[in-house]
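Chemist: What follows is a structure written as structure tokens; I'll ask about it next.
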Amino acid sequence: MPARKPLGSARHIVVEGPIGVGKTSLARRLGAHLEAQLLLEQPELNPFLSRFYQDQRRYALQTQLFFLFQRLDQLGDLSQPDFFTRTVVADYLLEKDPLFALLTLNEDEYTLYRKIYDHISPQMASPDLVIYLQARPETLIARVRKRGIDMERKISDAYLTVLAESYTRFFHNYDAAPVMVVNSENLNFVDKDDDFHLLVQRIELMRSHREYFNRGE
């Protein structure tokens, strides 16, 4: 059987992973490599996000709903049959939106959020390929602290740890699309061309629905 070529045939590619893992950086580089259209989260446009990091309980629902509507607005065009004149690379998967809601909302808020999500979320086709980036919680914490984004200074180490664990559980059960699980501990997709092209090569050689890429030091 010939090797499946997901990067050659995929029209909707998603790069996912917790805060600090490098998903947006990889999405940008992959988009440039494929001459694709980018769909990127825009956290700087969420007026509640900085307040959420300071007082999660008070601003969780507003923050969550803003992101949900932002993502739906961006993804709405994907349901149009003539949209895919170019490959699309996104740095988020809509199905993981409830993951954050479960972490941050109380029971009543989550019930309300879930009713809204189930009512307005479009019945969209799953991505053709998901690249799930992993890293240890302590690595994610170090990366977030190093990049020094002002609104992220209030993110607690505990929140980043629980978030990473939640992503692990989510993708353990996710099977709606082919997934390449990538350990990003020893990979630098932005500054090292060899690392980026090695990842692309591994994805192009995918044969099964789920594969793993772990490069040792």
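In the structure tokens, each chain is lettered A, B, ... as it comes, each chain's residues begin at 1, and ligands are numbered from 1 in order of appearance.
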Please identify all polymer residues within 10 Å of range 13-25 of chain A, counting only C-alpha atoms, omitting same-chain residues fewer than 6 positions from it, and present them as a count of residues only.

Modeler: 60

Chemist: Name the residues in contact with Phe52 in chain A at a cut-off of 10 Å, using only C-alpha atoms, excluding same-chain residues fewer than 2 positions from it; report them as a ChimeraX atom specification.

Modeler: /A:47-50,54-64,104,151,154-155

Chemist: Taking into account only C-alpha atoms, which residue in the set A:Ile116, A:Pro178, A:Arg215, A:Arg169 is nearest to Phe69 in chain A?

Modeler: A:Ile116

Chemist: Neighbours of Asp73 in chain A within 12 Å (only C-alpha atoms; same-chain residues fewer than 3 positions away dropped), as a PyMOL selection string?

Modeler: chain A and resi 39-42+66-70+76-79+94+120-122

Chemist: To one decimal place, how far is CA of Leu72 in chain A from CA of Asp150 in chain A in Å?

Modeler: 26.3 Å
